[in-house]
Amino acid sequence: MKIDIENSKKLYYSLKGVAGHFEVNESLLRFWETEFDIISPKKTQGGTRQYTKEDIENIAIVYHLVKEKGLTLEGARQMLKHKMDETARKLQV
């Protein structure tokens, strides 16, 4: 289930929807949340995660670095630390 982020008028997306969009387990997104500061979805009082478009864009960057480029988590963290703007630009291309 891919999310059409560009054309959607939704403000928040569920963990299940975002995991489906990237075709990964929900647990992986929860894990990345602990590993990468740029992924920080809003949580309701009951603890339900609500992802914004910005959160999804940040997940896309991490996904690209880890899953597509094959970097380790530490390598991805270093890349984000030093080249966040460049990485975001490349992803947009």
# chains A, B, ... in the order shown; residues from 1 in each chain; ligands from 1
>>> select_by_dssp(residues="chain A", states="strand (DSSP E)", output="list in words")
Lys42, Lys43, Arg49 and Gln50 of chain A
>>> closest_atom_pairs(of="stretch 13-38 of chain A", to="stretch 53-76 of chain A", cutoff="9 Å", atoms="only C-alpha atoms", output="tab-separated table")
residue	atom	partner	partner_atom	distance
A:Tyr13	CA	A:Lys53	CA	8.1
A:Val18	CA	A:Ile56	CA	7.3
A:Phe22	CA	A:Ala60	CA	8.0
A:Leu29	CA	A:Ile59	CA	8.1
A:Trp32	CA	A:Val62	CA	8.3
A:Glu35	CA	A:Leu73	CA	7.8
A:Phe36	CA	A:Val62	CA	8.3
A:Ile38	CA	A:Asn58	CA	6.3
>>> atom_distance(atom1="atom CA of A:Phe31", atom2="atom CA of A:Lys10")
24.4 Å
>>> atom_distance(atom1="atom CA of A:Leu11", atom2="atom CA of A:Ser40")
14.9 Å
>>> closest_residue(among="A:Lys16, A:Lys81, A:Leu28, A:Ser8", to="A:Thr48", atoms="only C-alpha atoms")
A:Lys16
>>> atom_distance(atom1="atom CA of A:Asn25", atom2="atom CA of A:Lys42")
19.1 Å
>>> residues_around(residues="A:Pro41", least_positions_apart="2", cutoff="9 Å", atoms="only C-alpha atoms", output="ChimeraX atom specification")
/A:33,39,43,49-52,55
>>> write_last_selection(atoms="N, CA and C atoms", output="PDB file, in the first residue's frame")
ATOM      1  N   GLU A  33      13.414   5.057  14.578  1.00  0.00           N
ATOM      2  CA  GLU A  33      13.033   6.204  15.414  1.00  0.00           C
ATOM      3  C   GLU A  33      14.015   6.364  16.581  1.00  0.00           C
ATOM      4  N   ILE A  39      13.911  11.268  12.677  1.00  0.00           N
ATOM      5  CA  ILE A  39      12.615  10.575  12.625  1.00  0.00           C
ATOM      6  C   ILE A  39      11.970  10.679  13.998  1.00  0.00           C
ATOM      7  N   LYS A  43       3.181  11.643  18.851  1.00  0.00           N
ATOM      8  CA  LYS A  43       2.460  10.537  19.473  1.00  0.00           C
ATOM      9  C   LYS A  43       1.230  11.074  20.185  1.00  0.00           C
ATOM     10  N   ARG A  49       1.525   6.531  16.940  1.00  0.00           N
ATOM     11  CA  ARG A  49       2.411   7.393  16.161  1.00  0.00           C
ATOM     12  C   ARG A  49       1.639   8.036  15.019  1.00  0.00           C
ATOM     13  N   GLN A  50       1.911   9.325  14.793  1.00  0.00           N
ATOM     14  CA  GLN A  50       1.308  10.055  13.687  1.00  0.00           C
ATOM     15  C   GLN A  50       2.437  10.714  12.898  1.00  0.00           C
ATOM     16  N   TYR A  51       2.638  10.228  11.682  1.00  0.00           N
ATOM     17  CA  TYR A  51       3.728  10.711  10.843  1.00  0.00           C
ATOM     18  C   TYR A  51       3.257  11.845   9.943  1.00  0.00           C
ATOM     19  N   THR A  52       4.070  12.908   9.859  1.00  0.00           N
ATOM     20  CA  THR A  52       3.787  14.017   8.950  1.00  0.00           C
ATOM     21  C   THR A  52       4.520  13.754   7.632  1.00  0.00           C
ATOM     22  N   ASP A  55       8.172  13.843   8.273  1.00  0.00           N
ATOM     23  CA  ASP A  55       8.668  12.586   8.863  1.00  0.00           C
ATOM     24  C   ASP A  55       8.889  11.545   7.766  1.00  0.00           C
TER      25      ASP A  55
END
